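The block underneath contains the structure these notes are about, expressed in structure tokens.
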Amino acid sequence: MGVQLFYFALHAIPCAMLGWLASEIYQRNPRHRLHRTAAVMFGLMALLFGCAYLDQSMPSEQADDFVAWFEALPGIVLNGFAMRFIRQITFRSTRASFDGLDVCFAAPPLAAILLMVVPSFGSGQRQEVLLLALGAICCLYSVARWAQAWRQLRAQPQDDPSRTQLLQVGMAILSGNVWLFASALAQATLGDPVEGAPPVALFGTLLYGFFIRRAVLHYGFMPSQMEKYRVLFDLSPFGVLLLDSRGVVKEANPMVLLLFGYTADQLRGQALDSFLAEGSALPQAADGSAQGEIEIVGGRGERRRVSALVNELFADGERLTYVVLQDVTERKKAEDEIVYLAYHDPLTGLGNRLRFQEALRSCLNGAEPGALLILDLDHFKEVNDVHGHLAGDEFLRLIAGIMRACVPSPGQICRIGGDEFAVLLPGFVDARAAEAVAAELLAGLTGESGAVHAGSPVTVSIGVAQWPVHAADPLGLMHAADVAMYQAKQQGRNCYRLYQPSFAVAESSGSAG
């Protein structure tokens with residue numbers, strides 16, 4: 001009983017394994033002919049092992065017919081599919097639609113006809129010779145086809161998929177044929193080594209199938225569903241990176257190479273962080289997906305702003321990071337320019353009225369006190385009337401430059417009208433500190449190297465108001481600073497004045513009278 005179970009295992013285990021391989025290969029890509037051909041080959045190999053076991057269990061008078069129809073005939077068909085498989089896998093390299101070698105395809109049909117029509121070929125030594133001759137023809141055809149393809153691919157790089165795939169097929173041909181002839185020689189010399197065991201030659205199909213599976217699944221790329229994904233990967237308009245668990249680049253598509261300015265070989269095997277600008281890092285998220293912006297340093301030292309979409313995935317038991325990159329450098333420049341134009345005066349480069357209003361509200365909403373200076377250029381219209389608008393523009397740019405030099409940080413300067421400027425001084429609690437800035441401004445503008453010289457018709461009037469001492473809202477603070485500036489005008493110009501509530505009351509009374 002134990003011996004019978006052992007012989008059953010010798011047949012059943014290879015049969016089950018080859019059946020599983022047939023299913024696996026087919027399900028990977030049922031539409032691809034290479035997968036279908038390989039699946040049929042593995043199915044026929046499994047059938048041969050199953051039939052070999054049944055052959056041992058049948059009465060001897062029925063064995064000859066069984067062997068002819070369920071062992072010899074599947075073996076003939078297997079040889080035909082093996083030649084077809086070699087033809088398909090070497091077609092792209094040889095580029096030949098038909099040549100003299102393809103005459104060998106006539107051998108399996110002729111052998112099948114002889115087996116079915118001529119009774120003498122159905123059993124005994126003639127059947128063995130027929131199958132051996134067919135195996136030799138299949139072997140010679142496979143070797144010749146492989147040699148043709150190798151001449152075309154041997155100059156390709158070591159990691160070229162087609163070259164590596166062909167090497168695996170060559171190993172399948174070599175191992176299968178060596179085992180076939182060695183087992184045939186052993187059987188002719190010694191006879192069947194163990195009665196009840198499957199033919200020794202059948203075990204050569206296991207080696208053959210192992211290398212065929214590696215050629216199709218691990219080195220084929222294009223024959224599986226991965227072909228479609230590889231095309232999408234290479235032709236994507238976005239840069240795509242595949243990183244391992246350490247952040248090292250495993251794959252990079254052509255668009256990434258344009259972004260980084262490096263070749264694929266320079267990127268592979270390198271940590272992505274080594275190509276990022278200082279302080280920039282790939283976005284991370286707890287759920288394995290994140291989006292953000294990073295800054296990369298290209299091969300020529302140029303910096304580019306890139307939007308990064310990061311996802312994690314598992315492949316071949318390994319955690320990988322899939323990064324999609326889009327160059328947003330020009331878009332960010334355009335956005336920054338739009339924002340700059342929205343908040344800055346195009347003539348002087350100072351903040352405009354919109355910038356001033358937002359900054360003023362922000363200062364008043366904060367807890368920190370400060371001061372507001374309103375500066376007005378009296379009689380500026382005469383500069384435009386006498387010297388022209390170009391001279392007036394140059395004069396305003398000169399005024400803006402002097403104000404930048406005189407206003408300390410964190411003060412903000414804005415041009416809020418044609419000849420009117422505002423200065424925000426957050427943190428200036430003491431009125432004397434705010435008046436000191438006003439005095440510095442006045443000295444810079446009216447001094448010897450200032451824009452407003454002694455013979456100029458233009459004079460400067462500056463009003464100073466504090467928040468929250470004089471007002472805690474934008475309109476009230478602006479009114480207080482305007483009143484102080486009006487007082488400076490009344491008292492001779494080219495001077496500054498701090499807001500005095502009594503002066504505002506007197507002004508209101510005078511206006512009413």
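Going by the structure tokens order, chains are called A, B, ..., each with residues numbered from 1, while ligands are numbered from 1 in the order shown.
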Quick one: everything within 10 Å of Ser245 (chain A), counting only C-alpha atoms, minus sequence neighbours fewer than 4 positions away in the same chain. Send it as a list in words.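 Here the answer would be Val249, Glu312, Glu318, Arg319, Leu320 and Thr321 of chain A.
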Distance query Arg404 (chain A) at most 9 Å, only C-alpha atoms, self and fewer than 5 positions along chain excluded, as a list in words: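 These residues fall inside the cut-off: Ile399, Gln412 and Ile413 of chain A.
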Just-selected residues, C-alpha atoms written as a CSV table (one decimal), in the first residue's frame:
```
chain,number,residue,atom,x,y,z
A,399,ILE,CA,10.7,109.4,-2.6
A,412,GLN,CA,5.4,98.9,6.3
A,413,ILE,CA,5.3,101.6,3.6
```
Within 8 Å of Thr348 (chain A), counting only C-alpha atoms, which residues qualify if same-chain residues fewer than 3 places away don't, as a PyMOL selection string? chain A and resi 345+396-397+400
Mind dumping a table of every region 362-437 of chain A residue within 12 Å of region 483-488 of chain A, with the nearest atom pair and its distance in Å to one decimal, using only C-alpha atoms, sorted by chain and rising number, as a tab-separated table?
```
residue	atom	partner	partner_atom	distance
A:Leu372	CA	A:Ala484	CA	10.8
A:Leu373	CA	A:Met485	CA	8.7
A:Ile374	CA	A:Met485	CA	6.8
A:Leu375	CA	A:Met485	CA	7.3
A:Asp376	CA	A:Met485	CA	7.8
A:Leu377	CA	A:Met485	CA	10.9
A:Asp378	CA	A:Met485	CA	11.0
A:Glu420	CA	A:Met485	CA	10.9
A:Phe421	CA	A:Met485	CA	11.6
A:Ala422	CA	A:Met485	CA	11.4
A:Glu435	CA	A:Ala484	CA	11.9
```
Export of the given selection (all heavy atoms) as an mmCIF file, in the first residue's frame:
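Output (selection19.cif):
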```cif
data_model
loop_
_atom_site.group_PDB
_atom_site.id
_atom_site.type_symbol
_atom_site.label_atom_id
_atom_site.label_comp_id
_atom_site.auth_asym_id
_atom_site.auth_seq_id
_atom_site.Cartn_x
_atom_site.Cartn_y
_atom_site.Cartn_z
ATOM 1 N N LEU A 372 0.674 105.104 13.192
ATOM 2 C CA LEU A 372 0.413 105.303 11.772
ATOM 3 C C LEU A 372 0.899 106.682 11.361
ATOM 4 O O LEU A 372 0.573 107.681 12.015
ATOM 5 C CB LEU A 372 -1.091 105.166 11.479
ATOM 6 C CG LEU A 372 -1.556 105.606 10.093
ATOM 7 C CD1 LEU A 372 -0.965 104.707 9.006
ATOM 8 C CD2 LEU A 372 -3.086 105.601 10.002
ATOM 9 N N LEU A 373 1.691 106.727 10.274
ATOM 10 C CA LEU A 373 2.161 107.992 9.727
ATOM 11 C C LEU A 373 1.526 108.189 8.352
ATOM 12 O O LEU A 373 1.551 107.279 7.515
ATOM 13 C CB LEU A 373 3.687 108.002 9.566
ATOM 14 C CG LEU A 373 4.556 108.320 10.800
ATOM 15 C CD1 LEU A 373 4.325 107.303 11.921
ATOM 16 C CD2 LEU A 373 6.026 108.363 10.407
ATOM 17 N N ILE A 374 0.958 109.356 8.146
ATOM 18 C CA ILE A 374 0.440 109.730 6.833
ATOM 19 C C ILE A 374 1.328 110.857 6.291
ATOM 20 O O ILE A 374 1.477 111.904 6.940
ATOM 21 C CB ILE A 374 -1.025 110.194 6.899
ATOM 22 C CG1 ILE A 374 -1.924 109.057 7.394
ATOM 23 C CG2 ILE A 374 -1.500 110.669 5.533
ATOM 24 C CD1 ILE A 374 -2.015 107.887 6.461
ATOM 25 N N LEU A 375 1.908 110.631 5.115
ATOM 26 C CA LEU A 375 2.826 111.596 4.518
ATOM 27 C C LEU A 375 2.229 112.101 3.214
ATOM 28 O O LEU A 375 1.846 111.295 2.347
ATOM 29 C CB LEU A 375 4.190 110.939 4.275
ATOM 30 C CG LEU A 375 5.332 111.802 3.731
ATOM 31 C CD1 LEU A 375 6.660 111.276 4.247
ATOM 32 C CD2 LEU A 375 5.352 111.805 2.204
ATOM 33 N N ASP A 376 2.162 113.424 3.059
ATOM 34 C CA ASP A 376 1.599 114.026 1.848
ATOM 35 C C ASP A 376 2.628 114.955 1.212
ATOM 36 O O ASP A 376 3.322 115.713 1.909
ATOM 37 C CB ASP A 376 0.328 114.812 2.190
ATOM 38 C CG ASP A 376 -0.372 115.319 0.941
ATOM 39 O OD1 ASP A 376 -0.716 114.481 0.092
ATOM 40 O OD2 ASP A 376 -0.547 116.544 0.811
ATOM 41 N N LEU A 377 2.762 114.881 -0.119
ATOM 42 C CA LEU A 377 3.662 115.750 -0.884
ATOM 43 C C LEU A 377 2.848 116.947 -1.365
ATOM 44 O O LEU A 377 2.040 116.830 -2.300
ATOM 45 C CB LEU A 377 4.279 114.997 -2.067
ATOM 46 C CG LEU A 377 5.095 113.744 -1.725
ATOM 47 C CD1 LEU A 377 5.559 113.046 -3.004
ATOM 48 C CD2 LEU A 377 6.288 114.105 -0.852
ATOM 49 N N ASP A 378 3.050 118.090 -0.715
ATOM 50 C CA ASP A 378 2.302 119.304 -1.084
ATOM 51 C C ASP A 378 2.811 119.839 -2.425
ATOM 52 O O ASP A 378 4.018 119.837 -2.700
ATOM 53 C CB ASP A 378 2.472 120.370 -0.003
ATOM 54 C CG ASP A 378 2.151 119.828 1.390
ATOM 55 O OD1 ASP A 378 1.084 119.189 1.525
ATOM 56 O OD2 ASP A 378 2.979 120.011 2.317
ATOM 57 N N GLU A 420 0.361 110.609 -1.839
ATOM 58 C CA GLU A 420 0.141 110.354 -0.421
ATOM 59 C C GLU A 420 0.663 108.964 -0.063
ATOM 60 O O GLU A 420 0.417 107.981 -0.772
ATOM 61 C CB GLU A 420 -1.349 110.459 -0.090
ATOM 62 C CG GLU A 420 -1.651 110.462 1.397
ATOM 63 C CD GLU A 420 -3.123 110.733 1.679
ATOM 64 O OE1 GLU A 420 -3.932 110.687 0.728
ATOM 65 O OE2 GLU A 420 -3.455 110.978 2.843
ATOM 66 N N PHE A 421 1.382 108.886 1.062
ATOM 67 C CA PHE A 421 1.987 107.642 1.519
ATOM 68 C C PHE A 421 1.578 107.388 2.957
ATOM 69 O O PHE A 421 1.282 108.320 3.713
ATOM 70 C CB PHE A 421 3.516 107.704 1.429
ATOM 71 C CG PHE A 421 4.036 107.907 0.027
ATOM 72 C CD1 PHE A 421 4.092 109.183 -0.531
ATOM 73 C CD2 PHE A 421 4.469 106.836 -0.731
ATOM 74 C CE1 PHE A 421 4.573 109.380 -1.818
ATOM 75 C CE2 PHE A 421 4.959 107.024 -2.014
ATOM 76 C CZ PHE A 421 5.009 108.297 -2.558
ATOM 77 N N ALA A 422 1.561 106.103 3.341
ATOM 78 C CA ALA A 422 1.241 105.720 4.708
ATOM 79 C C ALA A 422 2.336 104.793 5.215
ATOM 80 O O ALA A 422 2.869 103.975 4.470
ATOM 81 C CB ALA A 422 -0.115 105.024 4.787
ATOM 82 N N GLU A 435 7.513 109.647 16.621
ATOM 83 C CA GLU A 435 7.921 110.969 16.136
ATOM 84 C C GLU A 435 9.356 110.951 15.633
ATOM 85 O O GLU A 435 9.718 111.668 14.688
ATOM 86 C CB GLU A 435 7.773 111.986 17.264
ATOM 87 C CG GLU A 435 6.330 112.311 17.621
ATOM 88 C CD GLU A 435 6.226 113.367 18.701
ATOM 89 O OE1 GLU A 435 6.484 113.016 19.879
ATOM 90 O OE2 GLU A 435 5.914 114.525 18.356
#
```
Taking the backbone alone, and naming residues the way the document does, which bits of region 171-389 of chain A are alpha helix (DSSP H) by DSSP, as a PyMOL selection string? chain A and resi 171-190+204-217+226-235+254-260+264-267+329-343+353-365+381-387+389
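Among the candidates A:Met45, A:Ile113, A:Leu73, A:Ile294, the residue lying nearest to Phe203 (chain A) is A:Met45 (atoms considered: only C-alpha atoms).
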